[in-house]
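Student: Provided herewith: model09.cif, mmCIF, C-alpha atoms.
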```
data_start
loop_
_atom_site.label_atom_id
_atom_site.label_comp_id
_atom_site.auth_asym_id
_atom_site.auth_seq_id
_atom_site.Cartn_x
_atom_site.Cartn_y
_atom_site.Cartn_z
CA MET V 283 4.28 90.19 9.53
CA LYS V 284 6.65 88.28 7.28
CA ILE V 285 5.27 85.59 4.95
CA ALA V 286 7.47 82.95 3.34
CA VAL V 287 6.05 82.03 -0.08
CA VAL V 288 7.25 78.56 -1.07
CA SER V 289 6.94 76.98 -4.51
CA SER V 290 8.44 74.02 -6.38
CA ARG V 291 10.42 74.23 -9.60
CA GLN V 292 8.43 71.16 -10.74
CA ASP V 293 5.09 72.88 -10.25
CA LEU V 294 3.60 74.85 -13.17
CA ALA V 295 0.89 76.43 -11.02
CA GLY V 296 3.41 77.45 -8.39
CA LYS V 297 5.55 79.13 -11.04
CA ASN V 298 2.48 80.88 -12.45
CA ILE V 299 1.41 82.27 -9.06
CA ARG V 300 4.99 83.21 -8.07
CA HIS V 301 5.47 85.15 -11.31
CA HIS V 302 2.33 87.21 -10.76
CA LEU V 303 3.07 87.80 -7.08
CA ILE V 304 6.43 89.30 -7.93
CA GLN V 305 4.91 91.34 -10.76
CA LEU V 306 2.26 92.78 -8.46
CA LEU V 307 4.80 93.64 -5.79
CA ASP V 308 7.04 95.30 -8.40
CA ALA V 309 4.09 97.27 -9.78
CA GLN V 310 3.41 98.72 -6.34
CA GLY V 311 6.97 99.95 -6.13
CA THR V 312 7.29 98.74 -2.55
CA GLY V 313 9.83 95.99 -3.08
CA LEU V 314 8.68 92.88 -1.27
CA ARG V 315 6.14 94.65 0.95
CA ALA V 316 2.35 94.92 0.65
CA GLN V 317 -0.49 95.45 3.14
CA GLY V 318 2.12 96.05 5.83
CA ARG V 319 3.56 92.57 5.25
CA THR V 320 6.96 91.47 3.97
CA TYR V 321 7.26 88.58 1.49
CA GLU V 322 10.16 86.16 1.11
CA PHE V 323 10.24 83.79 -1.88
CA THR V 324 11.74 80.30 -1.79
CA GLU V 325 11.86 77.67 -4.55
CA VAL V 326 12.58 74.00 -3.87
CA ASP V 327 13.45 71.17 -6.24
CA GLU V 328 11.17 68.50 -4.75
CA ARG V 329 7.40 68.41 -4.71
CA LEU V 330 5.98 70.57 -1.95
CA ILE V 331 4.31 67.61 -0.23
CA HIS V 332 7.85 66.47 0.66
CA ALA V 333 9.17 69.89 1.78
CA GLU V 334 9.62 68.79 5.39
CA GLY V 335 11.18 71.35 7.71
CA ILE V 336 11.16 74.09 5.06
CA ASP V 337 10.09 76.62 7.69
CA ARG V 338 13.35 76.11 9.61
CA LYS V 339 15.11 78.02 6.82
CA THR V 340 13.22 81.27 7.33
CA ASP V 341 12.51 83.82 10.03
CA ALA V 342 8.99 84.37 8.66
CA ASP V 343 5.83 84.33 10.76
CA LEU V 344 3.94 81.95 8.50
CA VAL V 345 4.39 79.92 5.32
CA CYS V 346 2.22 80.10 2.21
CA PHE V 347 2.72 77.19 -0.19
CA ILE V 348 1.68 78.04 -3.76
CA SER V 349 0.96 74.98 -5.81
CA ARG V 350 -1.11 73.01 -8.27
CA HIS V 351 -4.20 71.02 -7.35
CA TYR V 352 -4.78 67.72 -9.13
CA SER V 353 -8.06 65.81 -9.21
CA ALA V 354 -9.16 62.57 -10.85
CA ASN V 355 -12.34 64.46 -11.76
CA PRO V 356 -10.80 67.73 -12.95
CA VAL V 357 -12.67 71.00 -12.60
CA PRO V 358 -11.32 74.58 -12.66
CA VAL V 359 -10.90 75.43 -9.00
CA LEU V 360 -8.91 77.63 -6.62
CA THR V 361 -8.38 76.00 -3.22
CA ALA V 362 -6.85 76.50 0.20
CA HIS V 363 -6.03 73.99 2.94
CA VAL V 364 -3.62 73.09 5.71
CA THR V 365 -1.42 69.99 5.70
CA GLY V 366 -1.48 66.79 7.70
CA ASN V 367 -2.45 63.13 7.67
CA PHE V 368 -5.26 61.58 9.71
CA ARG V 369 -4.17 58.07 8.74
CA GLU V 370 -1.29 56.75 6.64
CA ALA V 371 1.01 59.19 4.82
CA GLU V 372 0.19 58.43 1.19
CA LEU V 373 1.14 61.92 -0.06
CA GLY V 374 4.11 63.04 2.01
CA GLY V 375 4.57 63.79 5.66
CA THR V 376 4.10 61.44 8.58
CA ALA V 377 1.10 59.27 9.44
CA ARG V 378 -1.38 60.68 11.98
CA THR V 379 0.45 63.98 12.16
CA LEU V 380 -0.92 67.50 11.66
CA ALA V 381 0.92 70.70 10.79
CA PRO V 382 0.10 74.06 12.44
CA ALA V 383 -2.55 75.95 10.45
CA ALA V 384 -2.47 79.63 9.52
CA THR V 385 -6.22 79.55 10.10
CA ALA V 386 -7.10 83.24 9.98
CA MET V 387 -4.94 84.03 6.95
CA MET V 388 -6.21 80.97 5.12
CA GLN V 389 -9.83 82.06 5.57
CA ALA V 390 -8.97 85.60 4.52
CA THR V 391 -7.27 84.21 1.40
CA LEU V 392 -10.27 81.97 0.63
CA ARG V 393 -12.60 84.98 0.84
CA SER V 394 -10.20 86.96 -1.31
CA LEU V 395 -10.13 84.12 -3.84
CA ALA V 396 -13.92 84.32 -4.06
CA LYS V 397 -13.61 88.04 -4.79
CA HIS V 398 -10.90 87.72 -7.47
CA CYS V 399 -11.93 84.34 -8.93
CA PRO V 400 -11.93 84.27 -12.78
CA GLY V 401 -15.06 83.18 -14.60
CA GLY V 402 -15.48 79.42 -14.85
CA TYR V 403 -13.56 78.70 -11.63
CA ARG V 404 -14.95 77.84 -8.24
CA VAL V 405 -13.39 78.43 -4.83
CA SER V 406 -13.10 75.89 -2.04
CA TYR V 407 -11.36 74.66 1.05
CA GLU V 408 -9.83 71.21 0.77
CA VAL V 409 -9.80 68.75 3.65
CA THR V 410 -6.52 67.92 5.38
CA HIS V 411 -4.89 65.22 3.26
CA HIS V 412 -1.14 65.51 2.56
CA GLY V 413 2.32 66.63 3.70
CA PRO V 414 4.51 68.26 4.64
CA THR V 415 3.74 67.68 8.31
CA ASP V 416 7.10 68.41 9.97
CA LEU V 417 6.45 72.14 10.29
CA VAL V 418 6.63 74.49 13.25
CA LEU V 419 5.32 77.70 11.69
CA PRO V 420 1.63 78.12 10.80
CA SER V 421 1.11 77.42 7.12
CA PHE V 422 -1.41 76.80 4.37
CA PHE V 423 -1.53 75.80 0.70
CA VAL V 424 -3.25 77.89 -1.94
CA GLU V 425 -3.65 76.08 -5.24
CA ILE V 426 -4.86 76.22 -8.84
CA GLY V 427 -6.63 73.15 -10.18
CA SER V 428 -7.05 70.82 -11.79
CA THR V 429 -5.21 70.39 -15.15
CA GLU V 430 -2.26 71.95 -16.97
CA LYS V 431 -4.68 74.31 -18.72
CA GLU V 432 -5.61 75.89 -15.39
CA TRP V 433 -2.14 75.59 -13.83
CA THR V 434 -0.70 77.82 -16.57
CA ASP V 435 -3.73 80.13 -16.91
CA PRO V 436 -2.53 83.74 -16.34
CA ALA V 437 -5.98 84.77 -15.08
CA ALA V 438 -5.83 82.10 -12.37
CA GLY V 439 -2.26 83.05 -11.49
CA ILE V 440 -3.19 86.72 -11.12
CA ALA V 441 -6.30 85.86 -9.06
CA VAL V 442 -4.33 83.77 -6.58
CA ALA V 443 -1.53 86.34 -6.39
CA GLU V 444 -4.00 89.15 -5.67
CA SER V 445 -5.79 87.01 -3.13
CA VAL V 446 -2.62 86.26 -1.20
CA LEU V 447 -1.43 89.87 -1.23
CA PHE V 448 -4.72 91.50 -0.32
CA ALA V 449 -6.11 88.98 2.19
CA VAL V 450 -6.93 90.66 5.50
CA PRO V 451 -8.48 88.64 8.36
CA GLN V 452 -11.77 90.11 9.66
CA LYS V 453 -12.39 89.02 13.27
CA PRO V 454 -12.27 85.30 12.39
CA VAL V 455 -13.54 82.58 14.73
CA PRO V 456 -11.07 79.68 14.34
CA LEU V 457 -12.78 76.28 14.06
CA ILE V 458 -12.13 72.67 13.11
CA GLY V 459 -14.49 70.83 10.78
CA PHE V 460 -15.79 67.29 10.44
CA GLY V 461 -17.56 65.67 7.52
CA GLY V 462 -18.05 66.34 3.85
CA THR V 463 -16.25 65.55 0.63
CA HIS V 464 -12.73 66.52 -0.42
CA TYR V 465 -13.87 70.08 -1.16
CA ALA V 466 -15.57 70.59 2.24
CA ALA V 467 -18.61 72.34 0.79
CA ARG V 468 -20.33 73.29 4.06
CA GLU V 469 -17.14 74.56 5.68
CA THR V 470 -16.36 76.57 2.54
CA GLU V 471 -19.82 78.15 2.51
CA LEU V 472 -19.57 79.06 6.20
CA ALA V 473 -16.12 80.59 5.74
CA LEU V 474 -17.38 82.71 2.84
CA THR V 475 -20.54 83.92 4.60
CA SER V 476 -19.58 84.21 8.27
CA ARG V 477 -16.62 84.63 10.61
CA ALA V 478 -15.96 80.87 10.60
CA ALA V 479 -12.29 80.24 9.80
CA PHE V 480 -11.42 76.56 9.48
CA GLY V 481 -8.04 75.03 10.15
CA HIS V 482 -8.02 71.24 9.96
CA ILE V 483 -11.03 69.59 8.30
CA ALA V 484 -11.61 65.83 8.40
CA HIS V 485 -13.24 64.15 5.39
CA THR V 486 -16.28 61.98 6.17
CA ARG V 487 -14.25 58.81 5.62
CA GLU V 488 -11.67 59.93 8.23
CA VAL V 489 -14.14 60.52 11.06
CA ALA V 490 -14.48 56.85 12.02
CA THR V 491 -10.70 56.60 12.58
CA LEU V 492 -10.34 59.67 14.79
CA ASP V 493 -9.63 59.38 18.49
CA VAL V 494 -9.67 61.90 21.33
CA ALA V 495 -5.94 62.62 21.01
CA LEU V 496 -6.22 63.43 17.29
CA VAL V 497 -9.30 65.62 17.82
CA ARG V 498 -7.44 67.57 20.51
CA TRP V 499 -4.49 67.88 18.14
CA MET V 500 -6.78 69.26 15.44
CA MET V 501 -7.88 71.94 17.90
CA GLU V 502 -4.36 72.76 19.02
CA LYS V 503 -2.81 72.87 15.55
CA SER V 504 -5.70 75.00 14.23
CA GLY V 505 -5.74 77.38 17.21
CA ALA V 506 -9.46 76.57 17.24
CA VAL V 507 -12.02 77.57 19.85
CA ALA V 508 -14.84 75.24 18.73
CA ALA V 509 -15.87 72.52 16.29
CA TYR V 510 -18.39 72.28 13.48
CA ILE V 511 -19.92 69.01 12.23
CA ASP V 512 -21.53 68.61 8.82
CA ARG V 513 -24.23 66.40 10.32
CA LYS V 514 -25.76 65.34 7.01
CA ALA V 515 -22.41 63.99 5.84
CA LEU V 516 -22.06 61.50 8.73
CA ASN V 517 -23.93 58.33 9.58
CA ARG V 518 -25.59 58.09 12.99
CA GLU V 519 -22.86 55.92 14.51
CA ASP V 520 -20.01 58.25 13.52
CA LEU V 521 -22.01 61.34 14.51
CA ASN V 522 -22.78 59.96 17.97
CA ARG V 523 -19.20 58.83 18.53
CA LEU V 524 -17.77 62.17 17.43
CA SER V 525 -20.31 64.13 19.50
CA GLY V 526 -19.32 62.06 22.51
CA MET V 527 -15.62 62.80 22.01
CA LEU V 528 -16.26 66.53 21.74
CA ALA V 529 -18.42 66.50 24.86
CA ALA V 530 -15.89 64.43 26.82
CA THR V 531 -13.06 66.80 25.97
CA GLY V 532 -15.09 69.97 26.60
CA ILE V 533 -14.75 71.20 23.02
CA PRO V 534 -17.67 73.52 22.17
CA ARG V 535 -19.69 72.56 19.12
CA LEU V 536 -21.38 75.17 16.95
CA SER V 537 -24.26 74.70 14.52
CA GLU V 538 -24.47 76.63 11.25
CA SER V 539 -27.21 78.88 12.62
CA GLU V 540 -25.15 79.65 15.74
CA ILE V 541 -22.11 80.52 13.62
CA HIS V 542 -24.18 82.86 11.47
CA SER V 543 -25.79 84.48 14.52
CA MET V 544 -22.54 85.40 16.28
CA GLY V 545 -22.27 88.75 14.52
CA ASN V 546 -19.18 90.63 15.65
CA LEU V 547 -19.29 89.45 19.26
CA PRO V 548 -15.79 88.48 20.44
CA TRP V 549 -15.38 84.77 21.07
CA GLU V 550 -14.62 85.15 24.79
CA ARG V 551 -17.86 87.06 25.34
CA TYR V 552 -19.73 84.54 23.21
CA ARG V 553 -18.17 81.70 25.23
CA ALA V 554 -19.21 83.43 28.49
CA ALA V 555 -22.79 83.57 27.16
CA ARG V 556 -22.68 79.83 26.34
CA GLU V 557 -21.47 79.06 29.86
CA LEU V 558 -24.28 81.14 31.32
CA ALA V 559 -26.80 79.28 29.14
CA ASP V 560 -25.34 75.95 30.30
CA GLN V 561 -26.21 76.91 33.87
CA LEU V 562 -29.85 76.85 32.80
CA SER V 563 -29.56 73.62 30.80
CA ALA V 564 -26.62 71.90 29.16
CA GLY V 565 -26.44 71.94 25.38
CA LEU V 566 -28.65 74.94 24.68
CA ARG V 567 -28.10 76.88 21.46
CA ILE V 568 -27.54 80.62 21.66
CA TYR V 569 -28.37 83.24 19.03
CA VAL V 570 -26.82 86.70 19.23
CA HIS V 571 -28.79 89.78 18.23
CA ALA V 572 -27.55 93.33 18.93
CA LEU V 573 -25.59 92.50 22.10
CA GLN V 574 -22.40 94.54 22.38
CA GLU V 575 -19.10 94.07 24.18
CA GLU V 576 -19.79 95.89 27.44
CA GLY V 577 -20.59 94.78 30.99
CA PRO V 578 -21.15 91.48 32.84
CA LEU V 579 -23.79 89.17 31.39
CA ASN V 580 -27.08 88.36 33.06
CA LEU V 581 -29.78 85.75 32.44
CA VAL V 582 -33.32 87.17 32.35
CA GLN V 583 -36.65 85.41 31.91
CA ILE V 584 -40.13 86.39 30.79
CA ASP V 585 -43.46 84.68 31.35
CA PRO V 586 -43.32 81.34 29.47
CA VAL V 587 -47.01 81.49 28.57
CA LEU V 588 -46.53 85.00 27.16
CA LEU V 589 -43.66 83.79 24.96
CA CYS V 590 -45.58 80.66 23.93
CA GLU V 591 -48.59 82.67 22.80
CA THR V 592 -46.35 85.16 20.99
CA LEU V 593 -44.58 82.42 19.06
CA LYS V 594 -47.91 80.85 18.15
CA SER V 595 -49.06 84.21 16.79
CA ASP V 596 -45.93 85.21 14.86
CA GLU V 597 -42.59 83.54 15.59
CA PRO V 598 -40.74 85.12 12.61
CA GLY V 599 -42.00 88.54 13.68
CA PHE V 600 -40.76 87.98 17.22
CA VAL V 601 -37.30 86.91 16.04
CA GLN V 602 -37.16 89.93 13.73
CA GLY V 603 -38.13 92.14 16.66
CA LEU V 604 -35.17 90.80 18.64
CA SER V 605 -32.72 91.93 15.94
CA GLY V 606 -32.44 95.45 17.35
CA LEU V 607 -32.20 94.46 21.01
CA PRO V 608 -28.93 93.91 22.97
CA VAL V 609 -29.89 90.34 23.73
CA ILE V 610 -29.17 86.66 23.05
CA HIS V 611 -32.06 84.21 22.77
CA LEU V 612 -31.78 80.57 23.78
CA SER V 613 -33.17 77.47 22.09
CA THR V 614 -33.13 73.73 22.65
CA GLN V 615 -31.30 71.45 20.22
CA ASP V 616 -34.58 71.04 18.28
CA ASN V 617 -34.84 74.85 17.98
CA ARG V 618 -37.63 75.36 20.52
CA MET V 619 -37.16 78.89 21.85
CA LEU V 620 -36.99 79.29 25.62
CA PRO V 621 -38.37 82.20 27.71
CA ALA V 622 -34.81 82.93 28.84
CA PHE V 623 -32.54 85.57 27.38
CA ILE V 624 -29.00 86.83 27.99
CA THR V 625 -28.12 90.52 28.10
CA SER V 626 -25.62 92.87 29.71
CA ASP V 627 -26.28 93.39 33.41
CA ASN V 628 -26.85 97.11 32.93
CA HIS V 629 -29.58 96.41 30.35
CA THR V 630 -31.57 93.90 32.44
CA SER V 631 -34.62 95.99 33.36
CA GLN V 632 -34.86 97.60 29.92
CA ILE V 633 -34.65 94.22 28.19
CA ILE V 634 -37.43 92.69 30.30
CA ASN V 635 -39.64 95.67 29.44
CA ALA V 636 -38.64 95.51 25.77
CA LEU V 637 -39.35 91.78 25.51
CA ASN V 638 -42.73 92.14 27.23
CA THR V 639 -43.60 95.07 24.97
CA LEU V 640 -42.64 93.13 21.84
CA CYS V 641 -44.73 90.14 22.90
CA VAL V 642 -47.79 92.24 23.75
CA LYS V 643 -47.61 94.17 20.47
CA ILE V 644 -47.44 90.97 18.42
CA ILE V 645 -50.29 89.31 20.29
CA ARG V 646 -52.50 92.40 20.07
CA SER V 647 -51.87 92.66 16.34
CA LYS V 648 -52.67 88.98 15.67
CA GLU V 649 -55.24 87.95 18.29
CA ILE V 650 -58.44 89.16 19.93
CA THR V 651 -57.39 90.62 23.28
CA ALA V 652 -58.71 92.50 26.28
CA THR V 653 -56.93 94.17 29.19
CA GLU V 654 -57.83 94.31 32.87
CA LYS V 655 -55.20 96.21 34.89
CA ASP V 656 -52.08 93.99 34.62
CA LEU V 657 -53.91 91.11 32.96
CA LEU V 658 -53.70 90.46 29.23
CA ILE V 659 -56.63 88.30 28.15
CA ILE V 660 -56.30 86.47 24.84
CA LYS V 661 -59.58 85.24 23.44
CA LYS V 662 -59.10 82.07 21.45
CA VAL V 663 -61.59 81.19 18.74
CA ARG V 664 -60.85 77.83 17.19
CA PHE V 665 -62.55 75.47 14.77
CA ASP V 666 -64.25 72.68 16.76
CA PRO V 667 -64.52 69.44 14.74
CA ASP V 668 -66.95 67.92 17.28
CA LYS V 669 -69.43 70.78 16.76
CA ALA V 670 -69.03 70.39 13.01
CA ARG V 671 -69.84 66.67 13.20
CA GLU V 672 -72.92 67.39 15.36
CA LEU V 673 -74.19 69.64 12.56
CA GLY V 674 -73.65 66.90 10.00
CA VAL V 675 -70.51 68.32 8.40
CA PRO V 676 -68.43 65.45 6.94
CA ALA V 677 -64.70 65.49 7.63
CA GLY V 678 -62.57 66.57 4.70
CA PRO V 679 -62.70 69.67 2.49
CA PHE V 680 -65.62 71.21 4.43
CA PHE V 681 -63.62 71.03 7.66
CA LYS V 682 -60.75 72.82 5.95
CA GLN V 683 -63.00 75.57 4.57
CA LEU V 684 -64.70 76.19 7.92
CA ALA V 685 -61.36 76.18 9.76
CA GLY V 686 -60.16 78.76 7.22
CA GLY V 687 -63.10 81.05 8.06
CA ARG V 688 -65.30 80.27 5.05
CA THR V 689 -69.01 79.48 5.08
CA VAL V 690 -70.16 76.19 3.49
CA GLU V 691 -73.47 74.83 2.13
CA ILE V 692 -74.50 71.29 3.09
CA ASP V 693 -77.84 69.78 2.01
CA GLY V 694 -79.32 73.25 1.59
CA ARG V 695 -78.13 74.40 5.00
CA THR V 696 -75.66 77.25 5.55
CA ILE V 697 -72.94 76.47 8.08
CA THR V 698 -70.89 79.45 9.22
CA PRO V 699 -67.48 79.30 10.97
CA GLY V 700 -69.07 80.74 14.10
CA MET V 701 -71.43 77.77 14.34
CA VAL V 702 -68.53 75.31 14.59
CA SER V 703 -66.15 77.32 16.76
CA SER V 704 -65.20 77.11 20.42
CA CYS V 705 -63.98 80.03 22.51
CA SER V 706 -61.50 80.04 25.38
CA ASP V 707 -59.42 82.61 27.23
CA VAL V 708 -55.73 82.69 28.10
CA THR V 709 -54.95 85.15 30.89
CA ILE V 710 -51.39 86.36 31.47
CA HIS V 711 -50.26 88.59 34.34
CA ILE V 712 -47.78 91.20 33.10
CA PRO V 713 -46.61 93.77 35.67
CA GLY V 714 -46.91 97.30 34.25
CA LEU V 715 -49.05 96.14 31.32
CA GLU V 716 -50.63 99.57 30.99
CA LYS V 717 -47.27 100.88 29.75
CA PHE V 718 -47.19 98.49 26.77
CA SER V 719 -49.60 100.38 24.55
#
```
What would you get if you wrote out this structure as structure tokens?
Tutor:
Amino acid sequence: MKIAVVSSRQDLAGKNIRHHLIQLLDAQGTGLRAQGRTYEFTEVDERLIHAEGIDRKTDADLVCFISRHYSANPVPVLTAHVTGNFREAELGGTARTLAPAATAMMQATLRSLAKHCPGGYRVSYEVTHHGPTDLVLPSFFVEIGSTEKEWTDPAAGIAVAESVLFAVPQKPVPLIGFGGTHYAARETELALTSRAAFGHIAHTREVATLDVALVRWMMEKSGAVAAYIDRKALNREDLNRLSGMLAATGIPRLSESEIHSMGNLPWERYRAARELADQLSAGLRIYVHALQEEGPLNLVQIDPVLLCETLKSDEPGFVQGLSGLPVIHLSTQDNRMLPAFITSDNHTSQIINALNTLCVKIIRSKEITATEKDLLIIKKVRFDPDKARELGVPAGPFFKQLAGGRTVEIDGRTITPGMVSSCSDVTIHIPGLEKFS
């Protein structure tokens, strides 16, 4: 891969980063090569936001603009972003035009910035907000902010130079982002802690002006496979409108928990799992556990009452138990887990047995149970407020103590939990139950 590194002679931060890039390359004794990549350096006279068509002058594979970041509220920061304008072109480029994003390399550089960041600096994506836009090659900006003190800081220059040279993409999942402030806090956090690699990101104030064509263009120019929305950053009207556009155009939408749960599963296999889940019910969320890359996928189901009772007994324990199984669990949008799971076709019978075994073990460890052949009988003992009232127990703290299994004294009388409890049975038929010891 060949990377064109572009800086401006006007830009103190760009000069700082360029100097340290060349020094690092010289120190390695490999000329202009590092990490199997070749670097080509170009300086321009104008500000980089006006460097339209600069990629036409190189045979590189992508362009890395090294530059300063300026803010009205200056803080020491190292940033990365792609270029474009969602509305008017106030800072170079053309209105409502987006440049191609080097999405994977930008995320790798952001993660590298976090690793090499000097003390006192923070690391962040920036939203899409300036030119140049007339580019054909994938590109991204990496910047030092936000005052001359930081622009000329050797520690910052070295950190950015090292980050550019040693950035290596790690199975990124290219996404577009919506919502947040200029520094795209949620997208930054996701990129640093998961495989989420963002190309174009729209600031909260831009979302209301987006249309279907621009959203599609964000996807295309980012090479994205799905979208992420910072829900808390949008009002209900903008959220509903944006959600409708994504649904109408067939663009998958991922929640933070889904992004974190993807593990190392390739996107195409993950997408196949989503499509299988949609056959059960549209809009379900999927959470990957130890599923690998082999074989056709299959949808399996367990007894819904068995799952319901398991989750009542110990939902965190059940989810933890799934972590070692080659399975995906499904949930509704409000995170209610369904008794349906996705696994590889060749694991179907083993997974059904494993899920049943996990459920039975949890219930037996938390509840009073009995077994009759293939029947699991769960004996429910619950505090009965009506019985408590009949015995003259006033509602309030005494109810809480009795429900918590503690005996109380009322007017010289001893009331035990057993005196105010009701019993019931839940019976579940589980084929082969005797095996789940």
Student: Please evaluate the PyMOL selection byres ((chain V and resi 384) around 6) against the displayed coordinates and give the resulting residues as a list of chain:residue names.
Tutor: V:Ala383, V:Thr385, V:Ala386, V:Met387, V:Met388, V:Pro420, V:Ser421, V:Phe422
Student: Which of these residues is nearest to Val446 (chain V), using all atoms listed in the file: V:Ile348, V:Ala677, V:Val357, V:Ile483?
Tutor: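 Ranked by minimum distance to Val446 (chain V), first place goes to V:Ile348.
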Student: Report as an mmCIF file with C-alpha atoms, in the frame of the given file all protein, DNA and RNA residues lying within 10 Å of Gly375 (chain V), evaluated on all atoms listed in the file, omitting residues in the same chain fewer than 5 positions from it.
Tutor:
```
data_model
loop_
_atom_site.group_PDB
_atom_site.id
_atom_site.type_symbol
_atom_site.label_atom_id
_atom_site.label_comp_id
_atom_site.auth_asym_id
_atom_site.auth_seq_id
_atom_site.Cartn_x
_atom_site.Cartn_y
_atom_site.Cartn_z
ATOM 1 C CA ILE V 331 4.310 67.610 -0.230
ATOM 2 C CA HIS V 332 7.850 66.470 0.660
ATOM 3 C CA ALA V 333 9.170 69.890 1.780
ATOM 4 C CA GLU V 334 9.620 68.790 5.390
ATOM 5 C CA THR V 365 -1.420 69.990 5.700
ATOM 6 C CA GLY V 366 -1.480 66.790 7.700
ATOM 7 C CA ASN V 367 -2.450 63.130 7.670
ATOM 8 C CA GLU V 370 -1.290 56.750 6.640
ATOM 9 C CA LEU V 380 -0.920 67.500 11.660
ATOM 10 C CA ALA V 381 0.920 70.700 10.790
ATOM 11 C CA HIS V 411 -4.890 65.220 3.260
ATOM 12 C CA HIS V 412 -1.140 65.510 2.560
ATOM 13 C CA GLY V 413 2.320 66.630 3.700
ATOM 14 C CA PRO V 414 4.510 68.260 4.640
ATOM 15 C CA THR V 415 3.740 67.680 8.310
ATOM 16 C CA ASP V 416 7.100 68.410 9.970
ATOM 17 C CA LEU V 417 6.450 72.140 10.290
#
```
Student: What do you get, as a list in words, if you spell out every residue that the PyMOL selection byres ((chain V and resi 328) around 8) selects here?
Tutor: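 Given this file, the PyMOL selection byres ((chain V and resi 328) around 8) evaluates to Ser290, Arg291, Gln292, Val326, Asp327, Arg329, Leu330, His332 and Ala333 of chain V.
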Student: Please expand the PyMOL selection byres ((chain V and resi 395) around 7) into the concrete residues it hits in this file, giving the result as a PyMOL selection string.
Tutor: chain V and resi 391-394+396-399+405+441-442+445
Student: CA of His711 (chain V) to CA of Ile659 (chain V): how many Å, to one decimal?
Tutor: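 Pair CA of His711 (chain V) / CA of Ile659 (chain V) returns 8.9 Å.
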Student: Leaving out Leu536 (chain V) and any residue of its chain fewer than 2 positions from it, which residues lie within 10 Å of it when counting only C-alpha atoms, given as a list in words?
Tutor: Leu457, Ala508, Ala509, Tyr510, Ile511, Ile533, Pro534, Glu538, Ser539, Glu540, Ile541, His542, Arg567 and Ile568 of chain V
